[in-house]
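Trainee: Sharing coords39.cif here; it has mmCIF, C-alpha atoms.
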```cif
data_my_file
loop_
_atom_site.group_PDB
_atom_site.id
_atom_site.type_symbol
_atom_site.label_atom_id
_atom_site.label_comp_id
_atom_site.auth_asym_id
_atom_site.auth_seq_id
_atom_site.Cartn_x
_atom_site.Cartn_y
_atom_site.Cartn_z
ATOM 1 C CA MET O 582 0.867 17.485 -1.886
ATOM 2 C CA ARG O 583 3.308 17.120 0.951
ATOM 3 C CA ASN O 584 4.024 20.175 3.066
ATOM 4 C CA ASN O 585 7.672 19.364 3.751
ATOM 5 C CA PRO O 586 9.916 20.107 0.706
ATOM 6 C CA GLY O 587 12.625 17.753 1.999
ATOM 7 C CA SER O 588 10.074 14.965 2.182
ATOM 8 C CA ILE O 589 8.950 15.699 -1.382
ATOM 9 C CA THR O 590 12.514 15.634 -2.676
ATOM 10 C CA LYS O 591 13.341 12.395 -0.847
ATOM 11 C CA LYS O 592 10.250 10.658 -2.158
ATOM 12 C CA LEU O 593 10.558 11.963 -5.728
ATOM 13 C CA VAL O 594 14.186 10.812 -5.877
ATOM 14 C CA GLY O 595 13.057 7.472 -4.471
ATOM 15 C CA ILE O 596 10.267 7.164 -7.037
ATOM 16 C CA THR O 597 12.598 8.083 -9.879
ATOM 17 C CA LEU O 598 15.119 5.492 -8.749
ATOM 18 C CA PHE O 599 12.338 2.958 -8.131
ATOM 19 C CA LEU O 600 10.881 3.492 -11.602
ATOM 20 C CA PHE O 601 14.317 3.535 -13.226
ATOM 21 C CA LEU O 602 15.381 0.240 -11.709
ATOM 22 C CA SER O 603 11.952 -1.290 -12.363
ATOM 23 C CA GLY O 604 12.062 -2.836 -8.934
ATOM 24 C CA MET O 605 15.199 -4.925 -9.621
ATOM 25 C CA ALA O 606 17.151 -3.690 -6.577
ATOM 26 C CA ASN O 607 14.064 -3.996 -4.387
ATOM 27 C CA LEU O 608 13.601 -7.632 -5.389
ATOM 28 C CA VAL O 609 17.034 -8.449 -3.953
ATOM 29 C CA ALA O 610 16.250 -6.646 -0.691
ATOM 30 C CA ALA O 611 12.834 -8.306 -0.504
ATOM 31 C CA GLU O 612 14.265 -11.796 -1.025
ATOM 32 C CA GLU O 613 16.557 -11.203 1.937
ATOM 33 C CA ALA O 614 13.589 -10.053 4.028
ATOM 34 C CA VAL O 615 11.653 -13.319 3.670
ATOM 35 C CA ALA O 616 11.903 -15.429 6.790
ATOM 36 C CA PRO O 617 12.737 -19.125 6.276
ATOM 37 C CA ASN O 618 9.591 -21.109 5.418
ATOM 38 C CA SER O 619 7.612 -17.863 5.399
ATOM 39 C CA THR O 620 4.526 -17.379 3.269
ATOM 40 C CA GLN O 621 4.450 -13.642 3.871
ATOM 41 C CA LEU O 622 6.915 -11.054 2.616
ATOM 42 C CA TYR O 623 7.824 -8.225 4.993
ATOM 43 C CA ILE O 624 8.905 -4.922 3.511
ATOM 44 C CA ASN O 625 12.291 -3.995 4.927
ATOM 45 C CA ASN O 626 12.924 -0.838 2.961
ATOM 46 C CA TYR O 627 10.791 2.073 1.871
ATOM 47 C CA TYR O 628 9.455 0.536 -1.371
ATOM 48 C CA SER O 629 8.156 -2.985 -1.797
ATOM 49 C CA PRO O 630 9.006 -5.172 -4.750
ATOM 50 C CA TRP O 631 6.371 -5.517 -7.463
ATOM 51 C CA THR O 632 3.795 -8.162 -6.601
ATOM 52 C CA SER O 633 0.847 -9.799 -8.297
ATOM 53 C CA ASP O 634 -1.672 -12.593 -7.766
ATOM 54 C CA GLU O 635 0.955 -15.359 -7.861
ATOM 55 C CA ASN O 636 2.944 -13.886 -4.937
ATOM 56 C CA PRO O 637 2.409 -14.123 -1.169
ATOM 57 C CA PRO O 638 0.941 -11.204 0.811
ATOM 58 C CA PHE O 639 3.342 -8.528 1.984
ATOM 59 C CA SER O 640 3.321 -6.260 5.019
ATOM 60 C CA CYS O 641 5.174 -3.258 6.362
ATOM 61 C CA ARG O 642 7.434 -3.972 9.331
ATOM 62 C CA ASN O 643 6.455 -2.860 12.844
ATOM 63 C CA LYS O 644 6.530 0.962 13.188
ATOM 64 C CA TYR O 645 5.948 1.515 9.425
ATOM 65 C CA LEU O 646 2.684 2.476 7.700
ATOM 66 C CA MET O 647 1.719 2.528 4.001
ATOM 67 C CA ASP O 648 1.724 5.931 2.359
ATOM 68 C CA PHE O 649 2.223 5.109 -1.343
ATOM 69 C CA MET O 650 0.899 2.695 -3.988
ATOM 70 C CA GLN O 651 1.882 2.192 -7.605
ATOM 71 C CA CYS O 652 0.727 -0.205 -10.283
ATOM 72 C CA SER O 653 1.681 -1.379 -13.747
ATOM 73 C CA GLY O 654 0.709 -4.126 -16.159
ATOM 74 C CA SER O 655 -2.670 -4.883 -17.674
ATOM 75 C CA TYR O 656 -5.541 -3.807 -15.424
ATOM 76 C CA CYS O 657 -3.119 -2.576 -12.742
ATOM 77 C CA ASP O 658 -2.267 -6.201 -11.921
ATOM 78 C CA THR O 659 1.272 -5.603 -10.652
ATOM 79 C CA ILE O 660 1.454 -3.505 -7.491
ATOM 80 C CA ALA O 661 4.118 -1.955 -5.252
ATOM 81 C CA VAL O 662 3.675 0.010 -2.024
ATOM 82 C CA GLY O 663 5.719 2.375 0.103
ATOM 83 C CA CYS O 664 6.054 2.163 3.873
ATOM 84 C CA GLU O 665 7.109 5.108 6.015
ATOM 85 C CA PHE O 666 8.623 4.925 9.501
ATOM 86 C CA VAL O 667 6.220 6.277 12.155
ATOM 87 C CA SER O 668 7.969 5.065 15.360
ATOM 88 C CA ARG O 669 4.766 3.655 16.842
ATOM 89 C CA GLN O 670 4.248 0.059 17.935
ATOM 90 C CA TYR O 671 1.687 -2.237 16.349
ATOM 91 C CA GLY O 672 -1.167 -3.790 18.265
ATOM 92 C CA SER O 673 -3.592 -6.376 16.866
ATOM 93 C CA THR O 674 -3.830 -7.072 13.144
ATOM 94 C CA TYR O 675 -6.470 -8.538 10.827
ATOM 95 C CA TRP O 676 -6.948 -9.126 7.078
ATOM 96 C CA THR O 677 -10.138 -7.893 5.416
ATOM 97 C CA PRO O 678 -12.277 -10.175 3.273
ATOM 98 C CA TYR O 679 -11.324 -10.063 -0.409
ATOM 99 C CA PHE O 680 -13.149 -7.410 -2.419
ATOM 100 C CA SER O 681 -13.486 -6.472 -6.077
ATOM 101 C CA GLU O 682 -15.483 -4.208 -8.366
ATOM 102 C CA GLU O 683 -18.213 -6.869 -8.742
ATOM 103 C CA GLY O 684 -19.498 -6.513 -5.187
ATOM 104 C CA THR O 685 -18.170 -4.698 -2.162
ATOM 105 C CA HIS O 686 -15.637 -2.558 -3.994
ATOM 106 C CA ARG O 687 -13.762 -1.270 -0.958
ATOM 107 C CA GLN O 688 -12.551 -2.016 2.550
ATOM 108 C CA ILE O 689 -11.773 0.512 5.280
ATOM 109 C CA CYS O 690 -9.871 -0.397 8.435
ATOM 110 C CA LYS O 691 -11.654 -0.074 11.800
ATOM 111 C CA ASP O 692 -11.101 2.945 14.074
ATOM 112 C CA ASN O 693 -7.436 3.456 15.006
ATOM 113 C CA TYR O 694 -6.348 0.787 12.507
ATOM 114 C CA PHE O 695 -4.196 1.593 9.479
ATOM 115 C CA MET O 696 -3.313 -0.365 6.342
ATOM 116 C CA THR O 697 -0.062 -2.306 6.766
ATOM 117 C CA GLY O 698 -0.357 -5.108 4.213
ATOM 118 C CA PHE O 699 -1.732 -6.001 0.825
ATOM 119 C CA HIS O 700 -2.625 -9.162 -1.071
ATOM 120 C CA CYS O 701 -4.433 -9.936 -4.291
ATOM 121 C CA LYS O 702 -5.598 -13.069 -6.057
ATOM 122 C CA GLY O 703 -7.498 -13.967 -9.199
ATOM 123 C CA ARG O 704 -6.961 -12.986 -12.821
ATOM 124 C CA TYR O 705 -5.171 -9.604 -13.104
ATOM 125 C CA CYS O 706 -5.064 -9.292 -9.305
ATOM 126 C CA ASP O 707 -8.847 -8.821 -9.377
ATOM 127 C CA ASN O 708 -9.615 -9.696 -5.738
ATOM 128 C CA LEU O 709 -7.946 -7.519 -3.108
ATOM 129 C CA SER O 710 -7.446 -7.852 0.641
ATOM 130 C CA ILE O 711 -5.773 -5.371 2.967
ATOM 131 C CA GLN O 712 -4.108 -5.957 6.309
ATOM 132 C CA CYS O 713 -5.292 -3.565 9.010
ATOM 133 C CA THR O 714 -3.203 -2.989 12.123
ATOM 134 C CA ASN O 715 -3.951 -1.154 15.331
ATOM 135 C CA VAL O 716 -1.314 1.507 15.934
ATOM 136 C CA MET O 717 -0.815 1.720 19.690
ATOM 137 C CA ASN O 718 -1.398 5.035 21.504
ATOM 138 C CA THR O 719 -2.818 6.808 18.478
ATOM 139 C CA THR O 720 -6.089 7.847 16.905
ATOM 140 C CA LYS O 721 -7.215 8.617 13.377
ATOM 141 C CA GLY O 722 -7.744 12.240 12.516
ATOM 142 C CA ASP O 723 -9.243 13.627 9.308
ATOM 143 C CA CYS O 724 -9.706 11.042 6.507
ATOM 144 C CA HIS O 725 -10.217 11.439 2.746
ATOM 145 C CA TRP O 726 -9.984 9.550 -0.547
ATOM 146 C CA THR O 727 -6.809 10.397 -2.490
ATOM 147 C CA GLY O 728 -8.161 10.080 -6.030
ATOM 148 C CA TRP O 729 -7.953 7.272 -8.568
ATOM 149 C CA PHE O 730 -4.809 5.758 -10.068
ATOM 150 C CA SER O 731 -4.156 2.871 -12.447
ATOM 151 C CA GLU O 732 -1.460 1.673 -14.848
ATOM 152 C CA GLU O 733 -2.482 4.589 -17.021
ATOM 153 C CA PHE O 734 -1.507 8.055 -15.799
ATOM 154 C CA PRO O 735 -1.247 8.535 -12.912
ATOM 155 C CA SER O 736 0.197 5.108 -12.116
ATOM 156 C CA TRP O 737 0.979 5.979 -8.482
ATOM 157 C CA LYS O 738 -0.518 7.857 -5.559
ATOM 158 C CA PHE O 739 0.958 9.304 -2.346
ATOM 159 C CA THR O 740 -1.042 10.139 0.730
ATOM 160 C CA SER O 741 -0.671 13.682 2.108
ATOM 161 C CA ASP O 742 2.071 14.452 4.638
ATOM 162 C CA GLY O 743 1.197 12.867 7.992
ATOM 163 C CA TYR O 744 -1.578 10.784 6.387
ATOM 164 C CA TYR O 745 -1.404 7.008 5.926
ATOM 165 C CA ALA O 746 -3.473 4.405 4.114
ATOM 166 C CA ALA O 747 -6.454 3.163 6.101
ATOM 167 C CA GLY O 748 -8.476 1.630 3.282
ATOM 168 C CA LEU O 749 -8.599 0.857 -0.410
ATOM 169 C CA SER O 750 -11.251 1.022 -3.110
ATOM 170 C CA CYS O 751 -11.339 -0.200 -6.700
ATOM 171 C CA SER O 752 -13.438 0.162 -9.838
ATOM 172 C CA GLY O 753 -13.314 -0.859 -13.486
ATOM 173 C CA SER O 754 -12.676 -4.276 -15.020
ATOM 174 C CA TYR O 755 -10.525 -6.498 -12.786
ATOM 175 C CA CYS O 756 -10.324 -3.758 -10.125
ATOM 176 C CA ASP O 757 -8.242 -1.735 -12.613
ATOM 177 C CA ASN O 758 -8.625 1.665 -10.871
ATOM 178 C CA LYS O 759 -7.597 2.057 -7.248
ATOM 179 C CA ASN O 760 -8.154 4.760 -4.635
ATOM 180 C CA ILE O 761 -6.487 5.046 -1.194
ATOM 181 C CA TYR O 762 -8.468 6.061 1.903
ATOM 182 C CA ALA O 763 -5.929 8.155 3.828
ATOM 183 C CA CYS O 764 -6.192 9.218 7.466
ATOM 184 C CA LYS O 765 -4.152 11.568 9.626
ATOM 185 C CA LEU O 766 -2.110 9.797 12.298
ATOM 186 C CA LEU O 767 -2.622 11.618 15.624
#
```
Output the file's structure in the form of structure tokens.

Mentor:
Amino acid sequence: MRNNPGSITKKLVGITLFLFLSGMANLVAAEEAVAPNSTQLYINNYYSPWTSDENPPFSCRNKYLMDFMQCSGSYCDTIAVGCEFVSRQYGSTYWTPYFSEEGTHRQICKDNYFMTGFHCKGRYCDNLSIQCTNVMNTTKGDCHWTGWFSEEFPSWKFTSDGYYAAGLSCSGSYCDNKNIYACKLL
């Protein structure tokens, strides 16, 4: 769990509101965030809109890193993420090859790269790809797997305070169960 009680309260209120509104308010904010003729959605606020295989990839804005994922729908096929402000500039970025439970069931970003984007394709969002971005003037500290989540309980997973997503794993039919690889930002 998070060490900072204020951070816990802020995020729990945000989750409650996010779940209550079922992403409706976030869809409006996300539509405004799409650049003209863009094929990629940038997350302007803390929580992304729900996305699935028929939607374009989305990414956190510069100086934000992913620290939360949630899913719903059959086989966890509808996904939302949270991005937290870290006040550090991005360097180079790359997308991993798509992965699924049938083969390579996970991708981890290279050293000093953190997860800043997400995309899926195929039936029930079966094939996943993550965007990895170098965070300038930083290194990765301790890393660990957060534990599994799916549309069943728990349907969401936070990283620990000061930790951010640096990889993703899946298991089960259609990549139903997901697990975040979280690393300390130093």

Trainee: Spell out the residues picked by the PyMOL selection byres ((chain O and resi 680-697) around 8) here, as a PDB file with C-alpha atoms, keeping the file's coordinate frame.

Mentor:
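The resulting out21.pdb:
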```
ATOM      1  CA  SER O 640       3.321  -6.260   5.019  1.00  0.00           C
ATOM      2  CA  CYS O 641       5.174  -3.258   6.362  1.00  0.00           C
ATOM      3  CA  TYR O 645       5.948   1.515   9.425  1.00  0.00           C
ATOM      4  CA  LEU O 646       2.684   2.476   7.700  1.00  0.00           C
ATOM      5  CA  MET O 647       1.719   2.528   4.001  1.00  0.00           C
ATOM      6  CA  THR O 677     -10.138  -7.893   5.416  1.00  0.00           C
ATOM      7  CA  PRO O 678     -12.277 -10.175   3.273  1.00  0.00           C
ATOM      8  CA  TYR O 679     -11.324 -10.063  -0.409  1.00  0.00           C
ATOM      9  CA  GLY O 698      -0.357  -5.108   4.213  1.00  0.00           C
ATOM     10  CA  PHE O 699      -1.732  -6.001   0.825  1.00  0.00           C
ATOM     11  CA  ASP O 707      -8.847  -8.821  -9.377  1.00  0.00           C
ATOM     12  CA  ASN O 708      -9.615  -9.696  -5.738  1.00  0.00           C
ATOM     13  CA  LEU O 709      -7.946  -7.519  -3.108  1.00  0.00           C
ATOM     14  CA  SER O 710      -7.446  -7.852   0.641  1.00  0.00           C
ATOM     15  CA  ILE O 711      -5.773  -5.371   2.967  1.00  0.00           C
ATOM     16  CA  GLN O 712      -4.108  -5.957   6.309  1.00  0.00           C
ATOM     17  CA  CYS O 713      -5.292  -3.565   9.010  1.00  0.00           C
ATOM     18  CA  THR O 714      -3.203  -2.989  12.123  1.00  0.00           C
ATOM     19  CA  ASN O 715      -3.951  -1.154  15.331  1.00  0.00           C
ATOM     20  CA  VAL O 716      -1.314   1.507  15.934  1.00  0.00           C
ATOM     21  CA  THR O 719      -2.818   6.808  18.478  1.00  0.00           C
ATOM     22  CA  THR O 720      -6.089   7.847  16.905  1.00  0.00           C
ATOM     23  CA  LYS O 721      -7.215   8.617  13.377  1.00  0.00           C
ATOM     24  CA  TYR O 745      -1.404   7.008   5.926  1.00  0.00           C
ATOM     25  CA  ALA O 746      -3.473   4.405   4.114  1.00  0.00           C
ATOM     26  CA  ALA O 747      -6.454   3.163   6.101  1.00  0.00           C
ATOM     27  CA  GLY O 748      -8.476   1.630   3.282  1.00  0.00           C
ATOM     28  CA  LEU O 749      -8.599   0.857  -0.410  1.00  0.00           C
ATOM     29  CA  SER O 750     -11.251   1.022  -3.110  1.00  0.00           C
ATOM     30  CA  CYS O 751     -11.339  -0.200  -6.700  1.00  0.00           C
ATOM     31  CA  SER O 752     -13.438   0.162  -9.838  1.00  0.00           C
ATOM     32  CA  GLY O 753     -13.314  -0.859 -13.486  1.00  0.00           C
ATOM     33  CA  SER O 754     -12.676  -4.276 -15.020  1.00  0.00           C
ATOM     34  CA  TYR O 755     -10.525  -6.498 -12.786  1.00  0.00           C
ATOM     35  CA  CYS O 756     -10.324  -3.758 -10.125  1.00  0.00           C
ATOM     36  CA  TYR O 762      -8.468   6.061   1.903  1.00  0.00           C
TER      37      TYR O 762
END
```

Trainee: Which residues come within 10 Å of segment 729-741 of chain O, counting only C-alpha atoms, excluding same-chain residues fewer than 2 positions away, as a PyMOL selection string?

Mentor: chain O and resi 582-584+592+596+647-663+725-727+743-746+750-753+756-765

Trainee: Give as a list in words each residue that has an atom at most 7 Å from (11.7, 3.2, 13.1) in the file, counting all atoms listed in the file.

Mentor: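 Residues lying no farther than 7 Å from the given point: Lys644, Phe666, Val667 and Ser668 of chain O.
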
Trainee: Atom CA of Gln670 of chain O to atom CA of Arg642 of chain O: how many Å, to one decimal?

Mentor: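 Taking atom CA of Gln670 of chain O and atom CA of Arg642 of chain O, their separation equals 10.0 Å.
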
Trainee: Using all atoms of segment 651-668 of chain O listed in the file and a margin of 4 Å per side, can you give the axis-aligned box centre and edge lengths in Å to one decimal, as lines of an AutoDock Vina configuration file?

Mentor:
```
center_x = 1.5
center_y = 0.0
center_z = -1.2
size_x = 22.2
size_y = 20.5
size_z = 41.0
```

Trainee: Have a look at O:Tyr705, O:Leu766, O:Thr674, O:Tyr628 and name the one nearest to Asn718 of chain O; count all atoms listed in the file.

Mentor: O:Leu766

Trainee: Enter the distance from atom CA of Glu635 of chain O to atom CA of Gly728 of chain O, in Å, rounded to one decimal.

Mentor: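 Taking atom CA of Glu635 of chain O as the start and atom CA of Gly728 of chain O as the end point, the length is 27.1 Å.
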
Trainee: Fewer than 2 positions away in the same chain doesn't count, so skip those; otherwise give me all residues within 8 Å of Asp634 of chain O, counting all atoms listed in the file, as a list in words.

Mentor: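 So, after excluding close chain neighbours, the residues are Thr632, Asn636, Pro637, Asp658, His700, Cys701, Lys702, Gly703, Arg704, Tyr705 and Cys706 of chain O.
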
Trainee: Quick one, how far is atom CA of Gly722 of chain O from atom CA of Leu767 of chain O?

Mentor: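 Atom CA of Leu767 of chain O lies 6.0 Å from atom CA of Gly722 of chain O.
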